[in-house]
Every structure is written in structure tokens, then in C-alpha cells.
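Quick look at query28.csv (CSV, C-alpha atoms and all ligand atoms):
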```csv
chain,number,residue,atom,x,y,z
E,1,MET,CA,-32.8,-81.3,-48.0
E,2,ASP,CA,-36.1,-83.0,-48.4
E,3,LYS,CA,-39.0,-83.0,-46.0
E,4,THR,CA,-37.9,-86.2,-44.2
E,5,GLU,CA,-34.4,-84.8,-43.7
E,6,THR,CA,-35.9,-81.5,-42.4
E,7,MET,CA,-38.1,-83.4,-39.9
E,8,ALA,CA,-35.1,-85.6,-38.9
E,9,CYS,CA,-33.2,-82.5,-37.7
E,10,TYR,CA,-35.7,-82.1,-34.8
E,11,ASP,CA,-35.3,-85.7,-33.7
E,12,ILE,CA,-34.3,-86.1,-30.1
E,13,GLN,CA,-35.6,-89.6,-29.6
E,14,GLY,CA,-33.5,-91.4,-27.1
E,15,HIS,CA,-31.5,-88.3,-26.1
E,16,THR,CA,-31.2,-87.6,-22.4
E,17,ALA,CA,-32.2,-84.2,-21.0
E,18,ILE,CA,-32.1,-82.6,-17.6
E,19,VAL,CA,-34.7,-79.9,-17.0
E,20,THR,CA,-34.2,-77.9,-13.8
E,21,GLY,CA,-37.1,-76.2,-12.1
E,22,ALA,CA,-39.4,-78.9,-13.4
E,23,SER,CA,-41.7,-79.0,-10.4
E,24,SER,CA,-43.9,-76.2,-11.6
E,25,GLY,CA,-44.5,-73.6,-14.3
E,26,LEU,CA,-42.4,-73.4,-17.5
E,27,GLY,CA,-40.1,-76.2,-16.3
E,28,VAL,CA,-43.1,-78.6,-16.6
E,29,THR,CA,-43.8,-77.2,-20.1
E,30,PHE,CA,-40.2,-77.7,-21.2
E,31,ALA,CA,-40.1,-81.3,-19.7
E,32,GLU,CA,-43.4,-82.1,-21.6
E,33,ALA,CA,-42.0,-80.8,-24.9
E,34,LEU,CA,-38.9,-83.0,-24.7
E,35,ALA,CA,-40.9,-86.0,-23.5
E,36,GLU,CA,-43.4,-85.6,-26.3
E,37,CYS,CA,-40.5,-85.8,-28.7
E,38,GLY,CA,-39.2,-89.0,-27.2
E,39,GLY,CA,-36.4,-87.7,-24.9
E,40,ASN,CA,-35.6,-89.4,-21.6
E,41,LEU,CA,-35.6,-87.0,-18.8
E,42,VAL,CA,-34.3,-86.0,-15.4
E,43,VAL,CA,-36.7,-83.6,-13.8
E,44,ALA,CA,-35.0,-81.6,-11.0
E,45,ALA,CA,-36.0,-79.1,-8.3
E,46,ARG,CA,-36.3,-78.9,-4.6
E,47,ARG,CA,-39.9,-80.1,-4.1
E,48,TYR,CA,-39.6,-83.9,-4.7
E,49,GLU,CA,-43.3,-84.7,-4.3
E,50,LYS,CA,-44.2,-82.4,-7.2
E,51,LEU,CA,-41.4,-83.8,-9.3
E,52,THR,CA,-42.7,-87.4,-8.8
E,53,GLN,CA,-46.1,-86.3,-10.0
E,54,VAL,CA,-44.6,-84.6,-13.1
E,55,ALA,CA,-42.5,-87.7,-13.8
E,56,GLU,CA,-45.5,-90.2,-13.4
E,57,ASP,CA,-47.6,-88.1,-15.7
E,58,LEU,CA,-45.0,-87.8,-18.4
E,59,LYS,CA,-44.1,-91.5,-18.2
E,60,ASP,CA,-47.8,-92.5,-18.7
E,61,ARG,CA,-48.4,-90.0,-21.5
E,62,CYS,CA,-45.2,-90.2,-23.5
E,63,ASP,CA,-43.7,-93.6,-23.0
E,64,VAL,CA,-40.3,-92.3,-22.0
E,65,GLU,CA,-38.1,-92.7,-18.9
E,66,VAL,CA,-38.4,-89.8,-16.4
E,67,LEU,CA,-36.3,-89.7,-13.3
E,68,PRO,CA,-37.1,-87.1,-10.5
E,69,ILE,CA,-34.1,-85.8,-8.6
E,70,LYS,CA,-34.2,-83.4,-5.6
E,71,VAL,CA,-31.7,-80.7,-6.3
E,72,ASP,CA,-30.9,-77.2,-5.2
E,73,VAL,CA,-29.1,-75.8,-8.3
E,74,SER,CA,-27.2,-73.3,-6.1
E,75,ARG,CA,-25.4,-76.2,-4.3
E,76,GLU,CA,-22.4,-77.7,-6.1
E,77,ASP,CA,-22.7,-81.1,-4.5
E,78,ASP,CA,-26.4,-81.4,-5.5
E,79,VAL,CA,-25.6,-80.4,-9.1
E,80,ASN,CA,-22.7,-83.0,-9.3
E,81,ARG,CA,-25.1,-85.7,-8.0
E,82,MET,CA,-27.8,-84.7,-10.5
E,83,VAL,CA,-25.5,-84.9,-13.5
E,84,ASN,CA,-23.8,-88.1,-12.3
E,85,THR,CA,-27.2,-89.8,-11.7
E,86,ALA,CA,-28.4,-88.7,-15.2
E,87,VAL,CA,-25.4,-90.2,-16.9
E,88,ASP,CA,-25.3,-93.4,-14.7
E,89,SER,CA,-29.1,-94.0,-15.4
E,90,PHE,CA,-29.3,-93.2,-19.1
E,91,GLY,CA,-25.7,-93.6,-20.3
E,92,SER,CA,-25.3,-90.1,-21.8
E,93,LEU,CA,-26.4,-86.5,-21.5
E,94,GLU,CA,-27.3,-84.5,-24.6
E,95,ILE,CA,-29.6,-81.7,-23.3
E,96,LEU,CA,-29.6,-79.4,-20.3
E,97,VAL,CA,-32.5,-76.9,-19.8
E,98,ASN,CA,-31.4,-74.4,-17.2
E,99,ASN,CA,-34.8,-73.3,-16.1
E,100,ALA,CA,-34.8,-73.1,-12.3
E,101,GLY,CA,-35.3,-69.5,-11.1
E,102,VAL,CA,-36.7,-67.3,-8.5
E,103,ALA,CA,-37.8,-63.6,-8.4
E,104,SER,CA,-38.1,-61.2,-5.5
E,105,LEU,CA,-39.9,-57.9,-5.4
E,106,SER,CA,-38.4,-55.3,-3.1
E,107,PRO,CA,-37.4,-51.6,-3.6
E,108,SER,CA,-33.6,-51.7,-4.0
E,109,VAL,CA,-32.9,-49.3,-1.1
E,110,GLU,CA,-34.7,-51.7,1.3
E,111,MET,CA,-33.3,-54.9,-0.1
E,112,PRO,CA,-31.4,-57.1,2.3
E,113,LEU,CA,-28.2,-58.5,1.0
E,114,GLU,CA,-29.4,-62.0,1.6
E,115,GLU,CA,-32.3,-61.5,-0.8
E,116,TRP,CA,-30.0,-60.2,-3.5
E,117,LYS,CA,-27.6,-63.1,-3.0
E,118,LYS,CA,-30.4,-65.7,-3.1
E,119,VAL,CA,-31.6,-64.6,-6.5
E,120,ILE,CA,-28.1,-64.3,-7.9
E,121,ASP,CA,-27.1,-67.7,-6.4
E,122,ILE,CA,-30.1,-69.5,-8.0
E,123,ASN,CA,-30.6,-67.7,-11.3
E,124,LEU,CA,-27.0,-67.0,-12.3
E,125,THR,CA,-24.6,-69.2,-10.2
E,126,GLY,CA,-27.1,-72.1,-10.4
E,127,SER,CA,-27.2,-71.8,-14.2
E,128,PHE,CA,-23.4,-71.7,-14.4
E,129,LEU,CA,-22.9,-74.7,-12.1
E,130,CYS,CA,-25.4,-76.8,-14.1
E,131,ALA,CA,-23.9,-75.8,-17.4
E,132,ARG,CA,-20.4,-76.4,-16.3
E,133,THR,CA,-21.1,-79.8,-14.9
E,134,ALA,CA,-23.3,-80.9,-17.8
E,135,ALA,CA,-20.7,-79.6,-20.3
E,136,ARG,CA,-18.0,-81.9,-18.8
E,137,GLU,CA,-20.1,-84.8,-20.0
E,138,MET,CA,-21.1,-83.3,-23.3
E,139,ILE,CA,-17.5,-82.3,-24.2
E,140,LYS,CA,-16.5,-86.0,-23.8
E,141,ARG,CA,-18.9,-87.0,-26.6
E,142,LYS,CA,-18.5,-83.8,-28.6
E,143,TYR,CA,-22.2,-83.1,-28.6
E,144,GLY,CA,-24.5,-81.1,-26.4
E,145,LYS,CA,-27.3,-78.6,-26.2
E,146,ILE,CA,-27.6,-76.2,-23.3
E,147,VAL,CA,-30.6,-74.0,-23.2
E,148,ASN,CA,-30.7,-71.2,-20.5
E,149,VAL,CA,-34.0,-69.6,-19.5
E,150,ALA,CA,-33.4,-65.9,-19.4
E,151,SER,CA,-36.2,-63.3,-19.6
E,152,ILE,CA,-37.2,-60.1,-21.4
E,153,TYR,CA,-35.9,-58.5,-18.2
E,154,GLY,CA,-32.4,-59.6,-19.2
E,155,ALA,CA,-32.7,-57.1,-22.0
E,156,VAL,CA,-34.9,-54.3,-20.7
E,157,GLY,CA,-36.0,-52.9,-17.4
E,158,ASP,CA,-39.5,-52.3,-16.1
E,159,ILE,CA,-41.6,-50.7,-13.3
E,160,PHE,CA,-41.5,-53.8,-11.1
E,161,HIS,CA,-38.9,-53.5,-8.2
E,162,ALA,CA,-36.9,-56.6,-8.9
E,163,ALA,CA,-33.2,-55.4,-9.4
E,164,PRO,CA,-31.5,-58.8,-8.6
E,165,TYR,CA,-33.9,-60.6,-11.0
E,166,TYR,CA,-33.2,-58.1,-13.9
E,167,ALA,CA,-29.5,-58.3,-13.1
E,168,SER,CA,-29.4,-62.1,-13.0
E,169,LYS,CA,-31.2,-62.5,-16.3
E,170,GLY,CA,-29.0,-59.9,-18.1
E,171,ALA,CA,-26.0,-61.9,-16.8
E,172,VAL,CA,-27.6,-65.2,-18.0
E,173,ILE,CA,-27.8,-63.7,-21.5
E,174,ASN,CA,-24.1,-62.8,-21.6
E,175,LEU,CA,-23.1,-66.1,-19.8
E,176,THR,CA,-24.8,-67.8,-22.7
E,177,ARG,CA,-22.5,-66.0,-25.2
E,178,ALA,CA,-19.4,-66.7,-23.1
E,179,LEU,CA,-20.0,-70.4,-22.7
E,180,ALA,CA,-21.1,-70.7,-26.4
E,181,ILE,CA,-17.7,-69.4,-27.5
E,182,GLU,CA,-15.7,-71.5,-25.0
E,183,TRP,CA,-17.4,-74.8,-25.9
E,184,ALA,CA,-18.0,-74.2,-29.6
E,185,SER,CA,-15.1,-76.4,-30.7
E,186,TYR,CA,-16.6,-79.3,-28.7
E,187,LYS,CA,-19.9,-78.9,-30.6
E,188,VAL,CA,-21.7,-78.0,-27.4
E,189,ASN,CA,-24.2,-75.3,-28.3
E,190,VAL,CA,-25.3,-72.8,-25.7
E,191,ASN,CA,-28.4,-70.7,-26.3
E,192,ALA,CA,-31.2,-69.0,-24.3
E,193,ILE,CA,-34.9,-68.5,-24.4
E,194,ALA,CA,-36.2,-65.2,-23.1
E,195,PRO,CA,-39.9,-65.4,-22.3
E,196,GLY,CA,-42.2,-62.6,-21.9
E,197,PHE,CA,-45.1,-63.1,-19.4
E,198,PHE,CA,-46.4,-66.7,-19.0
E,199,PRO,CA,-48.7,-68.0,-16.2
E,200,SER,CA,-46.8,-69.8,-13.5
E,201,GLU,CA,-46.3,-69.8,-9.7
E,202,MET,CA,-43.8,-67.0,-10.1
E,203,THR,CA,-46.2,-64.7,-12.0
E,204,GLN,CA,-49.6,-65.7,-10.4
E,205,GLU,CA,-49.8,-62.5,-8.3
E,206,ILE,CA,-49.1,-60.3,-11.3
E,207,PHE,CA,-51.7,-62.2,-13.4
E,208,LYS,CA,-54.3,-61.3,-10.7
E,209,ASN,CA,-53.4,-57.6,-10.7
E,210,GLU,CA,-55.5,-55.7,-13.2
E,211,ASP,CA,-53.1,-52.6,-13.3
E,212,ALA,CA,-50.1,-54.9,-13.9
E,213,MET,CA,-52.0,-56.8,-16.6
E,214,ARG,CA,-53.0,-53.6,-18.4
E,215,HIS,CA,-49.3,-52.5,-18.3
E,216,ILE,CA,-48.1,-55.9,-19.6
E,217,LEU,CA,-50.6,-56.0,-22.5
E,218,SER,CA,-49.8,-52.4,-23.5
E,219,ARG,CA,-46.2,-53.5,-23.9
E,220,THR,CA,-47.0,-56.6,-26.0
E,221,PRO,CA,-47.7,-56.0,-29.7
E,222,LEU,CA,-49.3,-59.4,-30.1
E,223,GLY,CA,-51.8,-58.3,-27.5
E,224,ARG,CA,-51.8,-61.3,-25.2
E,225,THR,CA,-49.7,-63.1,-22.6
E,226,GLY,CA,-47.8,-66.3,-23.5
E,227,ASP,CA,-49.3,-69.7,-23.7
E,228,PRO,CA,-47.1,-72.7,-22.7
E,229,ALA,CA,-47.5,-74.0,-26.2
E,230,ASP,CA,-45.6,-70.9,-27.5
E,231,LEU,CA,-42.4,-72.2,-25.8
E,232,LYS,CA,-42.4,-75.8,-26.8
E,233,ALA,CA,-41.3,-75.7,-30.4
E,234,VAL,CA,-38.6,-73.1,-29.6
E,235,LEU,CA,-37.2,-75.4,-27.0
E,236,VAL,CA,-37.2,-78.4,-29.2
E,237,TYR,CA,-35.4,-76.4,-31.9
E,238,LEU,CA,-32.7,-75.3,-29.5
E,239,ALA,CA,-32.4,-78.8,-28.0
E,240,SER,CA,-32.2,-80.7,-31.3
E,241,PRO,CA,-29.7,-81.0,-34.2
E,242,ALA,CA,-31.9,-78.4,-36.0
E,243,SER,CA,-30.0,-75.7,-34.3
E,244,ASN,CA,-26.5,-77.1,-34.8
E,245,TYR,CA,-25.2,-73.8,-36.4
E,246,VAL,CA,-26.8,-71.6,-33.8
E,247,THR,CA,-24.9,-70.8,-30.6
E,248,GLY,CA,-24.7,-67.9,-28.2
E,249,GLN,CA,-28.1,-66.6,-29.2
E,250,THR,CA,-31.2,-65.6,-27.2
E,251,ILE,CA,-34.6,-66.1,-28.7
E,252,TYR,CA,-37.2,-63.8,-27.3
E,253,VAL,CA,-40.6,-65.5,-27.0
E,254,ASP,CA,-42.4,-62.3,-25.9
E,255,GLY,CA,-45.2,-61.4,-28.2
E,256,GLY,CA,-43.0,-58.6,-29.6
E,257,TRP,CA,-42.3,-56.9,-26.2
E,258,THR,CA,-38.6,-56.3,-26.9
E,259,ALA,CA,-39.2,-55.2,-30.5
E,260,LEU,CA,-41.3,-52.2,-29.2
E,301,LIG,N1,-43.4,-67.1,-16.1
E,301,LIG,C1,-42.9,-66.2,-16.8
E,301,LIG,O1,-43.6,-65.3,-17.2
E,301,LIG,C2,-41.4,-66.1,-17.0
E,301,LIG,C3,-40.9,-65.0,-17.8
E,301,LIG,C4,-39.6,-65.0,-18.1
E,301,LIG,C5,-38.7,-65.9,-17.5
E,301,LIG,N2,-39.2,-66.9,-16.7
E,301,LIG,C6,-38.2,-67.8,-16.1
E,301,LIG,O2,-38.7,-69.1,-16.3
E,301,LIG,C7,-38.1,-69.9,-15.3
E,301,LIG,C8,-39.3,-70.7,-14.6
E,301,LIG,O3,-40.1,-69.8,-13.9
E,301,LIG,P1,-41.7,-70.0,-13.8
E,301,LIG,O4,-42.3,-68.8,-14.3
E,301,LIG,O5,-42.1,-71.3,-14.3
E,301,LIG,O6,-41.8,-70.0,-12.2
E,301,LIG,P2,-42.1,-71.1,-11.1
E,301,LIG,O7,-43.4,-71.8,-11.4
E,301,LIG,O8,-42.0,-70.5,-9.8
E,301,LIG,O9,-41.0,-72.2,-11.3
E,301,LIG,C9,-39.7,-72.0,-10.8
E,301,LIG,C10,-39.0,-73.4,-10.7
E,301,LIG,O10,-37.7,-73.2,-10.3
E,301,LIG,C11,-37.5,-74.1,-9.2
E,301,LIG,N3,-36.4,-73.7,-8.3
E,301,LIG,C12,-36.4,-72.5,-7.7
E,301,LIG,N4,-35.3,-72.4,-6.9
E,301,LIG,C13,-34.6,-73.6,-7.1
E,301,LIG,C14,-33.4,-74.1,-6.7
E,301,LIG,N5,-32.6,-73.4,-5.8
E,301,LIG,N6,-33.0,-75.3,-7.1
E,301,LIG,C15,-33.7,-76.0,-8.0
E,301,LIG,N7,-34.9,-75.6,-8.5
E,301,LIG,C16,-35.3,-74.4,-8.0
E,301,LIG,C17,-38.8,-74.3,-8.6
E,301,LIG,O11,-38.9,-75.5,-7.9
E,301,LIG,P3,-38.7,-75.8,-6.3
E,301,LIG,O12,-39.4,-74.7,-5.6
E,301,LIG,O13,-39.4,-77.2,-6.2
E,301,LIG,O14,-37.3,-75.9,-6.1
E,301,LIG,C18,-39.7,-74.3,-9.8
E,301,LIG,O15,-39.8,-75.6,-10.3
E,301,LIG,C19,-37.4,-69.0,-14.3
E,301,LIG,O16,-36.0,-69.0,-14.6
E,301,LIG,C20,-38.0,-67.7,-14.6
E,301,LIG,O17,-37.1,-66.6,-14.3
E,301,LIG,C21,-40.5,-67.0,-16.4
```

Please lay out the structure from this file as C-alpha cells.
Ligand SMILES: NC(=O)c1ccc[n+]([C@@H]2O[C@H](COP(=O)([O-])OP(=O)(O)OC[C@H]3O[C@@H](n4cnc5c(N)ncnc54)[C@H](OP(=O)(O)O)[C@@H]3O)[C@@H](O)[C@H]2O)c1
Amino acid sequence: MDKTETMACYDIQGHTAIVTGASSGLGVTFAEALAECGGNLVVAARRYEKLTQVAEDLKDRCDVEVLPIKVDVSREDDVNRMVNTAVDSFGSLEILVNNAGVASLSPSVEMPLEEWKKVIDINLTGSFLCARTAAREMIKRKYGKIVNVASIYGAVGDIFHAAPYYASKGAVINLTRALAIEWASYKVNVNAIAPGFFPSEMTQEIFKNEDAMRHILSRTPLGRTGDPADLKAVLVYLASPASNYVTGQTIYVDGGWTAL
């Protein structure tokens, strides 16, 4: 394989991607990465205004098509509409980034059942619904790349009181393996990215808390929190033919946290 062939492996020009949770945080970073590589995009979340801003920005900067769609990933009818609109608008669907997620901090003995269910419904059931519906399209064409966004907290616990979050992300990692095996014969690859700590709406209170930051840095061999740029190349690898022989895997982008 020469240099040109190696570079060609990463080519997603003209592919269509759905990125969920693309109204803020890491979802915007993932959408940017795919748009910068020439992918057409559906950006999906519940806050439509924010999605339209992301879409306009990416269209201007990257000369790709970007369609904002208001979606609650825990609602089956919304997810069906999202996938159908993507296929009707762009003609195919090659990439799904299952990034939408929420966290809630409560001691477990005080946690209302509704709070538990909300996190599981969005982080786990939402990821399953989007993967299932997208895979129906991908299987027809015998090509697809599904990238789930897990977390270091799918592999290890911590001092923060967030049991449903940890449980949902652990389940996402094993869902990744299960779906990868089920859909391997259709050439639909399913992998996950497990980030450490990155700035976003979800983590903004933690980033302001000096004790929490000391704890986080003490757990991170590379000695810093994540920068959005740290995630882009990993996503493009998992979303492109470069990763054709990789499935069911979770790549930890965590500064070494889970190696400690
Ligand atoms: N930041 C980190 O350090 C970190 C570390 C590990 C893993 N992660 C994971 O990365 C993903 C993105 O989180 P983030 O840190 O970027 O936080 P964020 O800024 O709060 O983004 C979360 C995104 O999910 C969307 N979302 C939430 N519920 C939704 C629903 N029911 N349907 C559709 N979209 C929904 C939100 O949009 P709307 O409110 O507009 O719906 C938002 O765009 C999550 O899965 C999170 O668990 C983050």
C-alpha cells in the first residue's frame, strides 16, 4: 500500500453521516470532523435553534450539505423520522455517530426512579434505537460505520455519584460488541470511543471545581484534560474504510486514565 492508498482509506467524501447530540459539546466536534473530511451530515438533537447554527457554520466552512433535525433519541418515532429524512435527502447513510447523552449526579439511595430511567433511556436505549434503525439502511447496501460514544466510566467507577451514567456507558460498550457481531456479515462495523474529560455543557461544573480538577488530573497520566482535536482523528478512523477490519472495539481517548 503506497501513501496515496493509505490516505484513500480515510476518504469519506460524499458519505452521509448522522451525528446525534450535535447541538453542543463533543457532538459539534464530531460533526466538524466529518464535515472537514467532506461528509454530508444530519445534525440531530432536541434544541433546533442550536442545530441550525451548527449547520450554517459547517456549510459555510466546509462546503458540505448539513441538515438539522429535531430529535429525541429516546423516542422511536423521532429516530425513524431522522433516519428516513437522512436517506431521502442524501440517498444513502454510511455513518452514524451515537453521541447524544445526559448525566445526572445524585447519591443512589436518593435517586428517583424517573432520573435513573431518563439516563438509561437516552444513553442506552437511544443508542440502540439509532443503531438499529440506521443499520436497517446500512445492511441493504452492505456497508456502514456505527460509532457509539461511551466513556471511561463504562470501564471504571469514580467518586462522582452518577450510577445510571456509569451503568449506561458500561452497557454501551457491551452493546457495541453485541451489535458488531450481529452485523459483521453485512459489513456494518460497530465501534465505540470512550472519552476521558473534555470541556462541554455536561462537564462545565466539574471544570469549575478545583477539587474535582485536581482529582481528574491526578488520574490522567498525560497530565491534562482532553482537547476536542484529540477526538477528531479517532472518529474519522472509525467512520472511514480505514477501520474496515476493526469491529466491536472501544478506543479510550483518555490521556491514559484507564491504563493507570
Ligand atoms: N465531555 C466529556 O468529558 C465526556 C466524557 C465521556 C463521554 N462523554 C459523552 O459524550 C457525549 C456528548 O456529551 P458532551 O460532553 O458533549 O455533553 P453536552 O454538551 O451536554 O452534549 C450532549 C448532547 O446530547 C444531546 N441530547 C441529550 N439528550 C438528548 C435526547 N434525548 N435526544 C437527542 N439529543 C440529546 C444534547 O442536545 P439537546 O439538549 O439539544 O437535545 C447535546 O447536544 C455524551 O454521550 C457523553 O456521555 C462526554

Nearby residues (only C-alpha atoms) at most 6 Å from stretch 134-149 of chain E, same-chain spacing under 3 positions excluded, as a list in words: Glu94, Ile95, Leu96, Val97, Asn98, Asn99, Cys130, Ala131, Tyr186, Lys187, Val188, Asn189, Val190, Asn191, Ala192, Ile193 and Ala239 of chain E

Among the residues E:Ala184, E:Val253, E:Cys62, E:Val172, the one that comes closest to E:Ala229 [using all atoms listed in the file]: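 Among E:Ala184, E:Val253, E:Cys62, E:Val172, it is E:Val253 that comes nearest to E:Ala229.
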
Nearby residues, ligand LIG 301 (chain E), 8 Å, all atoms listed in the file, as a ChimeraX atom specification: /E:20-28,44-48,50-51,70-75,98-103,121-123,126,149-153,165,169,194-203,226

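When all atoms listed in the file are used to compute distances to E:Thr225, the closest of the residues E:Leu238, E:Val42, E:Ile206, E:Ala162 turns out to be E:Ile206.
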
Close residues, E:Ser240 itself excluded, 9 Å, all atoms listed in the file, min 3 positions apart in chain, as number ranges by chain: E: 9-12, 95, 145, 235-237, 243-244

Residue nearest E:Gly170 - candidates E:Leu93, E:Val156, E:Ala8, E:Val109, atoms counted: only C-alpha atoms: E:Val156

Interatomic distance, atom CA of E:Ala155 to atom CA of E:Pro107 (Å, one decimal):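 Going from atom CA of E:Ala155 over to atom CA of E:Pro107 covers 19.8 Å.
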
Contact residues around E:Asn40 with only C-alpha atoms at 7 Å, ignoring same-chain residues under 3 positions, as a list in words: Gly14, His15, Thr16, Ala17, Ala35, Val64, Glu65 and Val66 of chain E

Within 10 Å of file point (-43.7, -83.6, -21.6), counting all atoms listed in the file, expressed as a PyMOL selection string: chain E and resi 27-41+54-55+57-59+61-62+64+66+232

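Nearest residue to E:Thr250, choosing from E:Leu105, E:Gln204, E:Val79, E:Arg177 and counting all atoms listed in the file: E:Arg177.
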
Atomic distance atom CA of E:Leu260 - atom CA of E:Pro221, expressed in Å with one decimal: 7.5 Å

Which residue of E:Val119, E:Trp183, E:Asp211, E:Ser106 approaches E:Phe160 most closely, using only C-alpha atoms: E:Ser106

Edge lengths and centre, in Å to one decimal, as JSON: that's what I need for the box along x, y and z that holds all listed atoms of stretch 128-136 of chain E plus 3 Å on each side.
```
{"center_x": -21.7, "center_y": -76.8, "center_z": -16.2, "size_x": 13.4, "size_y": 16.2, "size_z": 14.2}
```

Incomplete stretch 79-106 of chain E filled out to N, CA and C atoms as an mmCIF file, keeping the file's coordinate frame:
```cif
data_model
loop_
_atom_site.group_PDB
_atom_site.id
_atom_site.type_symbol
_atom_site.label_atom_id
_atom_site.label_comp_id
_atom_site.auth_asym_id
_atom_site.auth_seq_id
_atom_site.Cartn_x
_atom_site.Cartn_y
_atom_site.Cartn_z
ATOM 1 N N VAL E 79 -25.664 -80.450 -7.647
ATOM 2 C CA VAL E 79 -25.600 -80.400 -9.100
ATOM 3 C C VAL E 79 -24.699 -81.560 -9.629
ATOM 4 N N ASN E 80 -23.589 -81.820 -8.939
ATOM 5 C CA ASN E 80 -22.700 -83.000 -9.300
ATOM 6 C C ASN E 80 -23.520 -84.255 -9.267
ATOM 7 N N ARG E 81 -24.280 -84.424 -8.179
ATOM 8 C CA ARG E 81 -25.100 -85.700 -8.000
ATOM 9 C C ARG E 81 -26.122 -85.774 -9.110
ATOM 10 N N MET E 82 -26.748 -84.658 -9.454
ATOM 11 C CA MET E 82 -27.800 -84.700 -10.500
ATOM 12 C C MET E 82 -27.204 -85.138 -11.839
ATOM 13 N N VAL E 83 -26.084 -84.565 -12.223
ATOM 14 C CA VAL E 83 -25.500 -84.900 -13.500
ATOM 15 C C VAL E 83 -24.971 -86.355 -13.518
ATOM 16 N N ASN E 84 -24.316 -86.746 -12.423
ATOM 17 C CA ASN E 84 -23.800 -88.100 -12.300
ATOM 18 C C ASN E 84 -24.941 -89.133 -12.413
ATOM 19 N N THR E 85 -26.042 -88.833 -11.712
ATOM 20 C CA THR E 85 -27.200 -89.800 -11.700
ATOM 21 C C THR E 85 -27.791 -89.864 -13.112
ATOM 22 N N ALA E 86 -27.884 -88.727 -13.795
ATOM 23 C CA ALA E 86 -28.400 -88.700 -15.200
ATOM 24 C C ALA E 86 -27.591 -89.632 -16.068
ATOM 25 N N VAL E 87 -26.279 -89.466 -15.999
ATOM 26 C CA VAL E 87 -25.400 -90.200 -16.900
ATOM 27 C C VAL E 87 -25.374 -91.699 -16.493
ATOM 28 N N ASP E 88 -25.324 -91.982 -15.186
ATOM 29 C CA ASP E 88 -25.300 -93.400 -14.700
ATOM 30 C C ASP E 88 -26.639 -94.065 -15.145
ATOM 31 N N SER E 89 -27.746 -93.349 -15.082
ATOM 32 C CA SER E 89 -29.100 -94.000 -15.400
ATOM 33 C C SER E 89 -29.307 -94.146 -16.843
ATOM 34 N N PHE E 90 -28.894 -93.178 -17.648
ATOM 35 C CA PHE E 90 -29.300 -93.200 -19.100
ATOM 36 C C PHE E 90 -28.093 -93.403 -20.015
ATOM 37 N N GLY E 91 -26.865 -93.292 -19.490
ATOM 38 C CA GLY E 91 -25.700 -93.600 -20.300
ATOM 39 C C GLY E 91 -25.099 -92.384 -21.042
ATOM 40 N N SER E 92 -25.831 -91.274 -21.103
ATOM 41 C CA SER E 92 -25.300 -90.100 -21.800
ATOM 42 C C SER E 92 -26.129 -88.875 -21.349
ATOM 43 N N LEU E 93 -25.666 -87.710 -21.753
ATOM 44 C CA LEU E 93 -26.400 -86.500 -21.500
ATOM 45 C C LEU E 93 -26.291 -85.561 -22.674
ATOM 46 N N GLU E 94 -27.373 -85.361 -23.398
ATOM 47 C CA GLU E 94 -27.300 -84.500 -24.600
ATOM 48 C C GLU E 94 -27.881 -83.110 -24.377
ATOM 49 N N ILE E 95 -28.822 -82.970 -23.429
ATOM 50 C CA ILE E 95 -29.600 -81.700 -23.300
ATOM 51 C C ILE E 95 -29.649 -81.249 -21.859
ATOM 52 N N LEU E 96 -29.395 -79.978 -21.641
ATOM 53 C CA LEU E 96 -29.600 -79.400 -20.300
ATOM 54 C C LEU E 96 -30.538 -78.151 -20.517
ATOM 55 N N VAL E 97 -31.643 -78.096 -19.800
ATOM 56 C CA VAL E 97 -32.500 -76.900 -19.800
ATOM 57 C C VAL E 97 -32.332 -76.244 -18.413
ATOM 58 N N ASN E 98 -31.647 -75.122 -18.392
ATOM 59 C CA ASN E 98 -31.400 -74.400 -17.200
ATOM 60 C C ASN E 98 -32.511 -73.458 -16.856
ATOM 61 N N ASN E 99 -33.573 -74.031 -16.273
ATOM 62 C CA ASN E 99 -34.800 -73.300 -16.100
ATOM 63 C C ASN E 99 -35.087 -72.799 -14.682
ATOM 64 N N ALA E 100 -34.477 -73.441 -13.693
ATOM 65 C CA ALA E 100 -34.800 -73.100 -12.300
ATOM 66 C C ALA E 100 -34.529 -71.608 -12.064
ATOM 67 N N GLY E 101 -35.451 -70.965 -11.376
ATOM 68 C CA GLY E 101 -35.300 -69.500 -11.100
ATOM 69 C C GLY E 101 -36.226 -69.024 -10.068
ATOM 70 N N VAL E 102 -35.843 -67.919 -9.477
ATOM 71 C CA VAL E 102 -36.700 -67.300 -8.500
ATOM 72 C C VAL E 102 -36.696 -65.751 -8.771
ATOM 73 N N ALA E 103 -37.743 -65.086 -8.275
ATOM 74 C CA ALA E 103 -37.800 -63.600 -8.400
ATOM 75 C C ALA E 103 -38.085 -63.084 -6.986
ATOM 76 N N SER E 104 -37.689 -61.855 -6.729
ATOM 77 C CA SER E 104 -38.100 -61.200 -5.500
ATOM 78 C C SER E 104 -38.405 -59.779 -5.751
ATOM 79 N N LEU E 105 -39.504 -59.321 -5.173
ATOM 80 C CA LEU E 105 -39.900 -57.900 -5.400
ATOM 81 C C LEU E 105 -39.633 -57.122 -4.135
ATOM 82 N N SER E 106 -38.694 -56.181 -4.220
ATOM 83 C CA SER E 106 -38.400 -55.300 -3.100
ATOM 84 C C SER E 106 -37.765 -54.011 -3.707
#
```
